[in-house]
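**Q** One structure is given below, represented as structure tokens, and several questions about it will come after.
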Amino acid sequence: MRLHPFSVPYRVVDRGLRFGWAAVIGVAATSGGAFAEFWPFILAGVVALAVLGLGYEYAYYQRFAYELTGDTLDIDSGVLSRREREIPLRRVQNVDVTRNVLQRALGIATVSVETAGGGSTEAKLECVSAEEAERLQTEIRRLKAGETADAESETAGDVLYELDDRSLLAYSFLSFDPRVASGIAVLFPLLGPVVATLGFGDAVNGFGAALLVVLVGVAVLLLVSALWAASAAVRFVRFYGFRLRREGDDLRYERGLLKRYTGTIPLDKLQSVSLTENVLMRRVGYATLAVETAGYAPGDTPSGGSEAAVPFAPREDAVALARMLEPFEDIAVERPPTRARRRYVGRYSILAGIVAASAFAANAFWSLPYWWLSLLLFPLAVAGGHYRWLHLGHAEGDEYAVTRSGFWSRSTTVVPYYRLQTVIESQSVFQRRWGLASVVYDTAGSRRLAGGDATAHDLSEDTASSLVERAIDRLRATLGRQ
Amino acid sequence: MERLNPRVRVVWAVGALVTALVLGGIVTGVALFADTSEFPWFTPLYGVGVFLLVGVVGVVFAVLRYRVFRFEVRDDTLFLQRGVVTRVRTVVPYVRVQHVDTQRGPLERLVGLSSVVVYTAGSRGADVSIPGLTPERADELQASLRELAIESEPEDAV
């Protein structure tokens, strides 16, 4: 099979825009407008590049062939160096279809096929027609499940969850996309001079200092609300029209306003299920349900966060859905021993102490206004330690281990024992002093790379060691049964 | 519980000294060639200081690391204990072993040592490596781990 003919103009425009943008930025940054007189040359260069690009993309299109055989996906590609690749369908994890605005206008779509292991996409078909993308997604699913093409078992699939507009709005405002926060970095060079002109020197005493504090406060408040609004907008556009369906052994989601994503989550490769609730969502009793497979995890490439099985649902619904995917029993989560709380209070107090001491020292040198405000960090440290401890937890069931942590964004992760790869007990110097240890349940899920380990924090030493032993025993038992 | 070959301390210590040399060299270079007229106290001596400090810490760490590192080939799991500041104990069931490598870096070759790396499908798989083995012991360990991995139930990795 060939790609869609429109993939040639699409790839030219796409690469052109990307390269062109970088070039414009680069040229504008290095030669402040001096290139105006050379415009004929630049134009000629651009035209030459466009022709070259068109030629290359046409050759790419000509040379690219893929075929879905009974049990593999074969792809022959490459203009200068040829590559023939066979992907066993049994190993396929996720099949994602993305369509951005341009692709939607042209009626084409990008299909990405992921297998376990390795961060990069195994196969990317850029681009096929929208119908073909749909067909590939269902065909791969069907062939994987070993169904024959004529068995007309294909139903539309049960809709498991649909995000209506109200929930979507609520979700947009109740969750914060940390990626947006990187926007702050852009603002620093702008804010720097403003702060400098305010003049710390005059502001040291009395009214000036108070004004400065108020101004900084207002600026921070404005910044935070702007970021929040931006994050909400991003979330809204990204999750617009979210729908989750079940098709055989796969989950299938679709979402997105400008760029449309559909993807499959293979349930037989499910590694762990986690329920995440941030502070605000906990207040209104909602949660995010994420399913981790061995291909990649929610929030990873290529579609950035699309794999979250359900972005926003009432807590009970999310739990019920999670149970349907992985029938874990009711497990009561236990908190770590209270000495763990003292450990956190101590840790945060030390941090507060360092800040207060630096403020004190800074005051001695430059007579800082209101340096003693930093002492307020101590009660904050106590509260912080308490809340950190309050939201830690672990539980061991017969089939599943559960871990929980996080105050701002609390994650509860359910790990089936039969998915364990290794079990790790770790004990830092400070934990050793308190007789505490943490247990990490490592599965083949790739979110672990981003530090999202399913970790039972701060258990007492004996509990931790016996937990490790029992986890291995249970892994053995469940594997034997299957 | 098996311990590593004591010579592994040499490998680690030399590695630490090389790092110390590079860091000390950078500091010395800055002191020598950059314009440091604003900081008259900043002399190449600081480079020597950095080298000594990092070097000593590195060597002490190498010794401590050797003391802590232990491993055991159990009936159906491989057990590993390591870590100076954070003590880490890893249990790898043989069922999950994907493949076993032996590796020899240039420094290891020089002192006649070898390491065994055990891969699992888990994202922490690369964490499971046993340095400081004699080549014979490494080969033997690799062979027995492979054997044990094959003996345990064949199972889809993920």
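We name chains A, B, ... following the order of the structure tokens; residues begin at 1 in each chain, and ligands are numbered from 1 as shown.
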Applying 6 Å and only C-alpha atoms, which residues near Arg104 (chain B) remain after dropping the ones on its own chain fewer than 4 positions away? List them as a list in words.

**A** Glu108, Arg109 and Ser114 of chain B

**Q** Residues of chain B within 6 Å of chain A, using only C-alpha atoms, as a VMD selection string?

**A** chain B and resid 85 to 92 96 121 to 123

**Q** Report as CSV the residues of region 192-278 of chain A within 9 Å of region 306-322 of chain A, each with its shortest atom pair and distance in Å (one decimal), using only C-alpha atoms, ordered by chain and increasing residue number.

**A**
residue,atom,partner,partner_atom,distance
A:Arg238,CA,A:Ser306,CA,8.2
A:Phe239,CA,A:Ser306,CA,7.9
A:Phe242,CA,A:Val310,CA,8.4
A:Arg243,CA,A:Val310,CA,8.5
A:Leu244,CA,A:Ala309,CA,7.3
A:Leu251,CA,A:Ala309,CA,8.1
A:Arg252,CA,A:Ala309,CA,8.8
A:Tyr253,CA,A:Ala309,CA,7.5
A:Glu254,CA,A:Ser306,CA,8.3
A:Arg255,CA,A:Ser306,CA,7.7
A:Gly256,CA,A:Ser306,CA,9.0
A:Tyr261,CA,A:Ser306,CA,7.5
A:Thr262,CA,A:Ser306,CA,8.4
A:Gly263,CA,A:Glu307,CA,7.5
A:Thr264,CA,A:Glu307,CA,8.2
A:Ile265,CA,A:Glu307,CA,7.3
A:Val273,CA,A:Ala322,CA,6.8
A:Ser274,CA,A:Ala322,CA,8.3
A:Leu275,CA,A:Ala318,CA,7.6
A:Glu277,CA,A:Arg315,CA,8.8

**Q** Just to confirm, what's the straight-line distance from CA of Leu148 (chain B) to CA of Tyr94 (chain B) in Å (one decimal)?

**A** 6.3 Å

**Q** Just want the 8 Å neighbourhood of Leu73 (chain A), counted on only C-alpha atoms, with same-chain residues fewer than 5 positions away dropped. Output as a VMD selection string.

**A** chain A and resid 66 to 68 86 to 89

**Q** Write the residues of the selection above to a file with N, CA and C atoms, as a PDB file, in the first residue's frame.

**A**
ATOM      1  N   TYR A  66       3.793   0.076   2.492  1.00  0.00           N
ATOM      2  CA  TYR A  66       3.528  -0.689   3.707  1.00  0.00           C
ATOM      3  C   TYR A  66       2.462  -1.729   3.397  1.00  0.00           C
ATOM      4  N   GLU A  67       2.462  -2.752   4.212  1.00  0.00           N
ATOM      5  CA  GLU A  67       1.483  -3.796   3.992  1.00  0.00           C
ATOM      6  C   GLU A  67       1.156  -4.471   5.304  1.00  0.00           C
ATOM      7  N   LEU A  68      -0.111  -4.755   5.475  1.00  0.00           N
ATOM      8  CA  LEU A  68      -0.555  -5.446   6.667  1.00  0.00           C
ATOM      9  C   LEU A  68      -0.760  -6.908   6.289  1.00  0.00           C
ATOM     10  N   GLU A  86       9.796  -5.285   9.580  1.00  0.00           N
ATOM     11  CA  GLU A  86       8.623  -6.104   9.855  1.00  0.00           C
ATOM     12  C   GLU A  86       8.308  -5.993  11.328  1.00  0.00           C
ATOM     13  N   ILE A  87       7.114  -5.566  11.638  1.00  0.00           N
ATOM     14  CA  ILE A  87       6.723  -5.461  13.042  1.00  0.00           C
ATOM     15  C   ILE A  87       5.688  -6.539  13.338  1.00  0.00           C
ATOM     16  N   PRO A  88       6.012  -7.485  14.212  1.00  0.00           N
ATOM     17  CA  PRO A  88       5.031  -8.513  14.551  1.00  0.00           C
ATOM     18  C   PRO A  88       3.839  -7.855  15.262  1.00  0.00           C
ATOM     19  N   LEU A  89       2.658  -8.125  14.784  1.00  0.00           N
ATOM     20  CA  LEU A  89       1.498  -7.456  15.364  1.00  0.00           C
ATOM     21  C   LEU A  89       1.303  -7.834  16.829  1.00  0.00           C
TER      22      LEU A  89
END

**Q** Might you pull out every residue within 7 Å of Thr28 (chain B), with only C-alpha atoms counted and same-chain residues fewer than 2 positions away left off, and present them as a ChimeraX atom specification?

**A** /B:24-26,30-32,44,46-47

**Q** Just write the chosen residues, all heavy atoms, as a short mmCIF file (atom, residue, chain, number, x, y, z; two decimals), in the first residue's frame.

**A**
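File produced: out_38.cif:
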data_model
loop_
_atom_site.label_atom_id
_atom_site.label_comp_id
_atom_site.auth_asym_id
_atom_site.auth_seq_id
_atom_site.Cartn_x
_atom_site.Cartn_y
_atom_site.Cartn_z
N GLY B 24 39.48 19.71 38.60
CA GLY B 24 40.59 20.53 39.07
C GLY B 24 41.24 21.27 37.92
O GLY B 24 41.57 22.46 38.03
N GLY B 25 41.37 20.59 36.78
CA GLY B 25 41.96 21.20 35.59
C GLY B 25 41.15 22.38 35.11
O GLY B 25 41.70 23.43 34.76
N ILE B 26 39.82 22.23 35.13
CA ILE B 26 38.96 23.31 34.68
C ILE B 26 39.15 24.54 35.58
O ILE B 26 39.35 25.67 35.10
CB ILE B 26 37.48 22.87 34.68
CG1 ILE B 26 37.26 21.84 33.56
CG2 ILE B 26 36.55 24.07 34.48
CD1 ILE B 26 35.88 21.22 33.55
N VAL B 30 40.66 28.13 34.46
CA VAL B 30 39.95 29.40 34.62
C VAL B 30 40.82 30.39 35.38
O VAL B 30 40.96 31.55 35.01
CB VAL B 30 38.60 29.18 35.35
CG1 VAL B 30 37.99 30.51 35.76
CG2 VAL B 30 37.63 28.41 34.46
N ALA B 31 41.47 29.90 36.45
CA ALA B 31 42.30 30.78 37.28
C ALA B 31 43.48 31.32 36.48
O ALA B 31 43.90 32.47 36.67
CB ALA B 31 42.80 30.01 38.50
N LEU B 32 44.01 30.50 35.57
CA LEU B 32 45.19 30.91 34.83
C LEU B 32 44.87 31.87 33.69
O LEU B 32 45.53 32.87 33.49
CB LEU B 32 45.92 29.68 34.26
CG LEU B 32 46.81 28.90 35.23
CD1 LEU B 32 47.43 27.71 34.52
CD2 LEU B 32 47.91 29.82 35.79
N PRO B 44 45.44 29.57 40.96
CA PRO B 44 45.44 28.17 40.52
C PRO B 44 45.45 27.19 41.68
O PRO B 44 45.11 26.02 41.51
CB PRO B 44 46.73 28.06 39.70
CG PRO B 44 46.97 29.44 39.22
CD PRO B 44 46.49 30.36 40.30
N TYR B 46 43.41 26.92 43.92
CA TYR B 46 42.07 26.41 44.11
C TYR B 46 41.83 25.16 43.27
O TYR B 46 41.08 24.27 43.66
CB TYR B 46 41.03 27.48 43.79
CG TYR B 46 40.81 28.41 44.94
CD1 TYR B 46 41.63 29.50 45.14
CD2 TYR B 46 39.79 28.17 45.86
CE1 TYR B 46 41.46 30.33 46.22
CE2 TYR B 46 39.61 29.00 46.95
CZ TYR B 46 40.45 30.08 47.12
OH TYR B 46 40.27 30.89 48.19
N GLY B 47 42.46 25.12 42.10
CA GLY B 47 42.35 23.94 41.24
C GLY B 47 42.89 22.71 41.96
O GLY B 47 42.25 21.65 41.99
#

**Q** Point out the residue among B:Phe33, B:Trp41, B:Val8, B:Val100 with the least atom-to-atom distance to Glu147 (chain B), counting only C-alpha atoms.

**A**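 Nearest candidate to Glu147 (chain B) out of B:Phe33, B:Trp41, B:Val8, B:Val100: B:Val100.
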
**Q** Arg342 (chain A): which residues within 9 Å, counting only C-alpha atoms, same-chain residues fewer than 6 positions away excluded, as a PDB file with C-alpha atoms, in the first residue's frame?

**A**
ATOM      1  CA  VAL A 382       5.160  21.683  59.981  1.00  0.00           C
ATOM      2  CA  GLY A 385       5.322  17.651  56.664  1.00  0.00           C
ATOM      3  CA  HIS A 386       1.952  16.677  58.039  1.00  0.00           C
ATOM      4  CA  TRP A 389       2.629  12.212  55.423  1.00  0.00           C
TER       5      TRP A 389
END

**Q** CA of Val279 (chain A) and CA of Phe407 (chain A) are how many Å apart?

**A**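 Straight-line distance from CA of Val279 (chain A) to CA of Phe407 (chain A) works out to 7.1 Å.
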